[in-house]
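Written out below as structure tokens is the structure these notes cover.
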Amino acid sequence: MANMAQAIRMALNYAEKNYELKDIFGQDVGAPLGGVFTATQGLKTTWNSTLDERGIIGMAMGIAMAGDRCVAEIQFADYIFNTIDLLKIAGNTLWCTNGQYNLPMTVMTPVGAGIRGSVYHSHSFDAWASRLAGWKVVMPSTPLDAYGLLLSCIKDPNPCMFLKPKALMRVRGEELIPGEPADEKELKTRIDAPIGDRKNWKANWPNAEEYLIPFGKGKITRQGEQITVVSYGRHLLVCNEVADQLAQNGYSVEVIDLRSIYPYDWQMIKSSVEKTGRVLFVNEDTEVTNFGEHLAYRATTELFYHLQAPPRVLAGKNVPGIGLHPHLEDSSVPQKHEIAILIQQICAEVP
Amino acid sequence: MAQKKTQKKATAKPSSSNSSSSFGGLDKKILLQMHSHMVKSRVLEERLIKIYRAGESYFWIGGPGEEAWGVPLGMLGRIGHGPGNDFYHLHYRCTPTLIAIGLEMVDSIRLTMNRATDPSTGGRNFSNHYVFPKWNVAPVTSPLEIQYPIACGTAHAQKRFGKKAISIVTGGDAGTAEGDFASALILASRRGQELPLLITVQNNKWGISTSYDGQHGEDEIADRARAFNIKSRVINGNDPVESYLTLKEDMEYIRKTGKPAFIEAHVSRLYGHSSASGANPVQGEVDPVMEFEKRLLKANLLTATDAKSIWENFEAEGVRAAEIARAEMVPSADSVWDHTYVDNENADWRKF
């Protein structure tokens, strides 16, 4: 099975061939490196930008304005903050021009902790991104979803943000990407650049097929009756693990992978919470004005009479950064045991 | 200011039989066309100020004083839609350029009076925040200087398209303090990856209310482009002939070489920065429209009667245009979600 970096690479290759994707660029995106997580190796349209995030986003807006599709990368989301007004403008260009200029651009950036990345390689961006009106925002938790969501982003005529959970870039999925060779080694041989001299290396791309995950469509990854847990990205896998663990103790936890942060699958959350009466939103962005808070607000106001317990949000602590030492990182972002304890507490609550 | 550099003249060959060297050999037809556009732009801007002062618009910002620079800029581009034509990335003092491209007065007034009929923004944005995809006029934005790296993006696409179209970007002198200006200089000039981009700065010596000396340490803004090996010069942007010849020469250079060029044009600011400073006239500045008109009269290329008639006709057009816009619909409250996404796809979370 492909890992997430390989899935992203395959999606980009598919889009080069089929969606007229003409530019994939950012810092170290082109040869020889092909991206700090190797997600852009061997592609035809990659190039290295200047070390200038505003230059990258500005260029992407101009390329899109001229009618070409592009994927621009900010190497780590921690460095995207100085582009925030450009992102805002990219999101409002269609609106401000009364529907005249759309920007078919995708920005992808690795997010979140989990690799001991310290203060400036661990930040999340989902809460910030959810406030960028006019953008569509997604975050996958599996390689197959990464493939399907990235293709949807590139094909879409609006600005789209593809948040890559960096801790999952080497994690393999359980489902093949359509057209992916079943043999992991074969895939590696064909699309992973060799170590050392790569001057004469060319990828031998598998004949991947179109696979689109629509925006605003979540996925139930664990069926359950007692409580709904909604997450995405890295923490979705953690929530799955906790649900499996608690199942051994008799808990029935339904886990929803939101996949798409904006637009989002409210109908899936609604049906699930109407069934379970309890809900927990989990993500690792900081907890004050967190995206999960918006969902919790909505669950409270729209599903109040179905609830057996107050909706809860478990998110990153509202501290200025993720410290390097594991004690600091682990106490800043939600951990498995914290999720498990909170689920049990919520399930124990009686109206 | 280094005067010798500001006086450097363009070396374009005379394009016609006009014998007057004071007009650089430019054809009478071009000279009169420039004059007409300049007058029209001035009359329009002053009409916009009157509309603002009458309480019929919320804000005015514009470019009286930049006509001698802006009009040739609009006249010389390859106008049309798509990467085979030139892209204009303008700022909010570019009415003269739009007039030269083909803007009707009424459409500028619709924008200022935020009418639903405003073809730029549908009543959503300030005066002079023009948008015209049919002419490759990119959206004018309030944040300063973001147009510079965006222009690099359209230039990149045009280079790939291969029809020798160029991107043109304009901005004020104080805005060059923003990092986006430096981003564009670097992106446009990387060796072997140069972009067909005309980078321009209209230096009116003011940054809102702060003078040039309070904003700059460099002698010339053009020096910053020279540091990146970009063909660069400073001109008197109050002289439409010098502007025309320089722009023509540099546009041809960019089309021929695929490399960027830079022009710093010294211009006047005849009114305050915007209505934020009262939109009041500023004393002691050169009026480029009146100066050019005097030259044309002196050279017998224009008669006083014709000049008077041109001003009066545009004044009347401005009054009529305001009457038309005044009677038109304003945006409806329920249109607020329109165009958040393409094809009005639902963007309202209440409906997810």
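Each chain in the structure tokens gets a letter, A, B, ..., in the order shown, and its residues are numbered from 1; ligands are numbered from 1 in order too.
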
Which of region 56-121 of chain A end up as helix (DSSP H, G or I) when DSSP is run on this backbone - answer as an MDAnalysis selection string? chainID A and resid 56:65 77:79 81:96

Distance filter 7 Å, only C-alpha atoms, chain B against chain A, as a PyMOL selection string: chain B and resi 82-83+120-122+124-125+131+133+139+149-154+156-157+180+183+339-342+352

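Considering only C-alpha atoms, the residue among B:Asn280, B:Thr257, B:Thr200, B:Ser189 positioned nearest to Ile230 (chain B) is B:Ser189.
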
I'd like the neighbourhood of Ala127 (chain A) as an mmCIF file with N, CA and C atoms, in the first residue's frame, where a residue qualifies if any of its atoms comes within 10 Å (using only C-alpha atoms), though same-chain residues fewer than 5 positions away should be ignored.
```cif
data_model
loop_
_atom_site.group_PDB
_atom_site.id
_atom_site.type_symbol
_atom_site.label_atom_id
_atom_site.label_comp_id
_atom_site.auth_asym_id
_atom_site.auth_seq_id
_atom_site.Cartn_x
_atom_site.Cartn_y
_atom_site.Cartn_z
ATOM 1 N N LEU A 132 -11.049 31.329 6.643
ATOM 2 C CA LEU A 132 -10.741 31.946 5.354
ATOM 3 C C LEU A 132 -11.920 31.720 4.407
ATOM 4 N N ILE A 261 -12.972 20.109 6.140
ATOM 5 C CA ILE A 261 -13.213 21.029 7.253
ATOM 6 C C ILE A 261 -14.182 22.141 6.835
ATOM 7 N N ASN A 283 -9.230 17.598 17.950
ATOM 8 C CA ASN A 283 -8.194 18.021 16.986
ATOM 9 C C ASN A 283 -7.060 18.652 17.762
ATOM 10 N N GLU A 284 -5.952 18.938 17.081
ATOM 11 C CA GLU A 284 -4.777 19.403 17.818
ATOM 12 C C GLU A 284 -4.481 20.894 17.670
ATOM 13 N N ASP A 285 -5.322 21.630 16.957
ATOM 14 C CA ASP A 285 -5.106 23.083 16.918
ATOM 15 C C ASP A 285 -5.433 23.641 18.307
ATOM 16 N N THR A 286 -4.985 24.847 18.579
ATOM 17 C CA THR A 286 -5.180 25.377 19.933
ATOM 18 C C THR A 286 -6.667 25.573 20.223
ATOM 19 N N GLU A 287 -6.974 25.489 21.511
ATOM 20 C CA GLU A 287 -8.364 25.258 21.916
ATOM 21 C C GLU A 287 -9.271 26.487 21.908
ATOM 22 N N VAL A 288 -8.695 27.699 21.962
ATOM 23 C CA VAL A 288 -9.550 28.895 22.011
ATOM 24 C C VAL A 288 -9.889 29.332 20.591
ATOM 25 N N THR A 289 -11.180 29.492 20.322
ATOM 26 C CA THR A 289 -11.726 29.678 18.968
ATOM 27 C C THR A 289 -11.227 28.587 18.014
ATOM 28 N N ASN A 290 -11.351 27.387 18.503
ATOM 29 C CA ASN A 290 -10.994 26.182 17.744
ATOM 30 C C ASN A 290 -12.161 25.817 16.814
ATOM 31 N N PHE A 291 -11.858 25.171 15.691
ATOM 32 C CA PHE A 291 -12.928 24.783 14.766
ATOM 33 C C PHE A 291 -13.929 23.841 15.450
ATOM 34 N N GLY A 292 -13.415 22.990 16.327
ATOM 35 C CA GLY A 292 -14.305 22.085 17.076
ATOM 36 C C GLY A 292 -15.319 22.854 17.909
ATOM 37 N N GLU A 293 -14.944 24.051 18.342
ATOM 38 C CA GLU A 293 -15.883 24.869 19.120
ATOM 39 C C GLU A 293 -17.085 25.281 18.277
ATOM 40 N N HIS A 294 -16.823 25.574 17.012
ATOM 41 C CA HIS A 294 -17.934 25.916 16.116
ATOM 42 C C HIS A 294 -18.888 24.722 16.011
#
```

Tell me which protein, DNA and RNA residues are within 8 Å of region 43-59 of chain B, counting only C-alpha atoms, leaving out same-chain ones fewer than 3 positions away, and put them as a VMD selection string. chain B and resid 39 to 40 62 to 64 95 105 109 112 to 114 126 to 127 274 to 276 279 311 314 to 315 318 to 319

re CA of Gln27 (chain A) and CA of Gln75 (chain A): distance 6.3 Å

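Distances to Ser332 (chain B) were evaluated for B:Gly123, B:Gly272, B:Gly258, B:Gly278 using only C-alpha atoms, and the minimum falls at B:Gly123.
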
Show me, as a tab-separated table, the residues of region 18-40 of chain A having an atom within 12 Å of region 190-197 of chain A, each with the closest atom pair and its distance in Å, using only C-alpha atoms.
```
residue	atom	partner	partner_atom	distance
A:Ala31	CA	A:Ala193	CA	10.1
A:Pro32	CA	A:Asp197	CA	8.8
A:Leu33	CA	A:Ala193	CA	9.0
A:Gly34	CA	A:Ala193	CA	8.6
A:Gly35	CA	A:Ala193	CA	11.3
A:Phe37	CA	A:Asp192	CA	11.4
A:Thr38	CA	A:Asp192	CA	8.1
A:Ala39	CA	A:Asp192	CA	9.4
A:Thr40	CA	A:Asp192	CA	9.9
```

If DSSP is run on the backbone, what residues of region 157-323 of chain A are strand (DSSP E or B)? A reply as an NGL selection string would be ideal. :A and (160-165 or 172 or 219-222 or 227-231 or 253-257 or 260-262 or 279-286 or 312-316)

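Taking CA of His306 (chain A) and CA of Pro351 (chain A) as endpoints, the distance between them is 11.0 Å.
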
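Computed from the coordinates, the CA of Gly277 (chain A) to CA of Ile213 (chain A) distance equals 28.1 Å.
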
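Counting only C-alpha atoms, the residue from B:Ser209, B:Thr117, B:Ser142, B:Ser41 that sits nearest to Leu98 (chain B) is B:Ser41.
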
Taking 3 positions as the minimum chain separation for residues in the same chain, which residues sit within 10 Å of region 300-305 of chain A when counting only C-alpha atoms? Answer as a compact mmCIF listing (two decimals) with N, CA and C atoms, in the first residue's frame.
```txt
# COMPACT_ATOMS: atom_id res chain seq x y z
N LYS A 270 -24.91 15.20 12.49
CA LYS A 270 -26.27 15.32 13.04
C LYS A 270 -26.92 13.94 13.25
N SER A 271 -26.88 13.12 12.19
CA SER A 271 -27.51 11.79 12.31
C SER A 271 -26.84 10.98 13.41
N VAL A 273 -25.14 12.07 16.10
CA VAL A 273 -25.40 12.59 17.45
C VAL A 273 -26.87 12.37 17.85
N GLU A 274 -27.75 12.43 16.88
CA GLU A 274 -29.16 12.14 17.19
C GLU A 274 -29.30 10.70 17.69
N GLY A 277 -26.45 10.74 21.21
CA GLY A 277 -26.75 11.71 22.28
C GLY A 277 -25.53 12.31 22.93
N VAL A 279 -21.32 13.72 22.16
CA VAL A 279 -20.36 14.03 21.09
C VAL A 279 -19.10 14.68 21.64
N HIS A 294 -16.82 25.57 17.01
CA HIS A 294 -17.93 25.92 16.12
C HIS A 294 -18.89 24.72 16.01
N LEU A 295 -18.31 23.53 15.84
CA LEU A 295 -19.15 22.34 15.72
C LEU A 295 -19.89 22.06 17.02
N ALA A 296 -19.22 22.30 18.14
CA ALA A 296 -19.86 22.06 19.44
C ALA A 296 -20.99 23.06 19.66
N TYR A 297 -20.76 24.29 19.22
CA TYR A 297 -21.82 25.31 19.31
C TYR A 297 -23.04 24.86 18.51
N GLN A 308 -27.51 13.89 25.64
CA GLN A 308 -27.50 13.32 26.98
C GLN A 308 -26.39 13.94 27.82
N ALA A 309 -25.49 14.67 27.16
CA ALA A 309 -24.36 15.30 27.86
C ALA A 309 -23.90 16.49 27.03
N PRO A 310 -23.27 17.47 27.65
CA PRO A 310 -22.80 18.63 26.87
C PRO A 310 -21.77 18.21 25.82
N PRO A 311 -21.84 18.78 24.63
CA PRO A 311 -20.78 18.51 23.64
C PRO A 311 -19.44 19.00 24.17
N ARG A 312 -18.39 18.30 23.84
CA ARG A 312 -17.06 18.65 24.35
C ARG A 312 -16.07 18.81 23.20
```

Using only C-alpha atoms, which residues sit within 12 Å of Leu237 (chain A) once same-chain residues fewer than 2 positions away are excluded, as a VMD selection string? chain A and resid 140 to 142 165 167 to 168 171 to 173 221 to 222 229 to 235 239 to 244 255 to 257 282 to 283 335 to 336 339

Output file for the selection above: C-alpha atoms, as a PDB file, in the first residue's frame:
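Written output follows (out_35.pdb):
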```pdb
ATOM      1  CA  PRO A 140      -6.922  13.479   5.041  1.00  0.00           C
ATOM      2  CA  SER A 141      -6.165  10.701   7.500  1.00  0.00           C
ATOM      3  CA  THR A 142      -5.317   7.953   4.992  1.00  0.00           C
ATOM      4  CA  PRO A 165      -0.811  15.743   8.598  1.00  0.00           C
ATOM      5  CA  ALA A 167       3.138  12.682  11.100  1.00  0.00           C
ATOM      6  CA  LEU A 168       1.166  10.497   8.662  1.00  0.00           C
ATOM      7  CA  VAL A 171       1.990   5.817   7.232  1.00  0.00           C
ATOM      8  CA  ARG A 172       0.536   3.259   4.842  1.00  0.00           C
ATOM      9  CA  GLY A 173      -3.150   2.812   4.264  1.00  0.00           C
ATOM     10  CA  THR A 221     -14.645   4.846  10.470  1.00  0.00           C
ATOM     11  CA  ARG A 222     -16.081   3.094  13.542  1.00  0.00           C
ATOM     12  CA  VAL A 229     -16.244  11.281  18.191  1.00  0.00           C
ATOM     13  CA  VAL A 230     -15.490  13.673  15.334  1.00  0.00           C
ATOM     14  CA  SER A 231     -11.924  14.230  14.175  1.00  0.00           C
ATOM     15  CA  TYR A 232      -9.666  14.468  11.137  1.00  0.00           C
ATOM     16  CA  GLY A 233      -6.033  14.068  10.135  1.00  0.00           C
ATOM     17  CA  ARG A 234      -3.604  12.500  12.561  1.00  0.00           C
ATOM     18  CA  HIS A 235      -5.998  12.474  15.485  1.00  0.00           C
ATOM     19  CA  CYS A 239      -9.535   8.225  17.911  1.00  0.00           C
ATOM     20  CA  ASN A 240      -9.969   4.971  15.967  1.00  0.00           C
ATOM     21  CA  GLU A 241      -7.409   3.327  18.209  1.00  0.00           C
ATOM     22  CA  VAL A 242      -9.114   4.595  21.352  1.00  0.00           C
ATOM     23  CA  ALA A 243     -12.501   3.403  20.084  1.00  0.00           C
ATOM     24  CA  ASP A 244     -11.075  -0.083  19.478  1.00  0.00           C
ATOM     25  CA  VAL A 255     -15.928   7.766  14.988  1.00  0.00           C
ATOM     26  CA  ILE A 256     -16.423  10.217  12.142  1.00  0.00           C
ATOM     27  CA  ASP A 257     -13.539  11.250   9.896  1.00  0.00           C
ATOM     28  CA  VAL A 282     -10.962  16.142  18.773  1.00  0.00           C
ATOM     29  CA  ASN A 283      -8.194  18.021  16.986  1.00  0.00           C
ATOM     30  CA  GLN A 335      -3.015  12.221  23.789  1.00  0.00           C
ATOM     31  CA  LYS A 336      -4.641   8.820  23.519  1.00  0.00           C
ATOM     32  CA  ILE A 339      -9.274  11.028  24.660  1.00  0.00           C
TER      33      ILE A 339
END
```
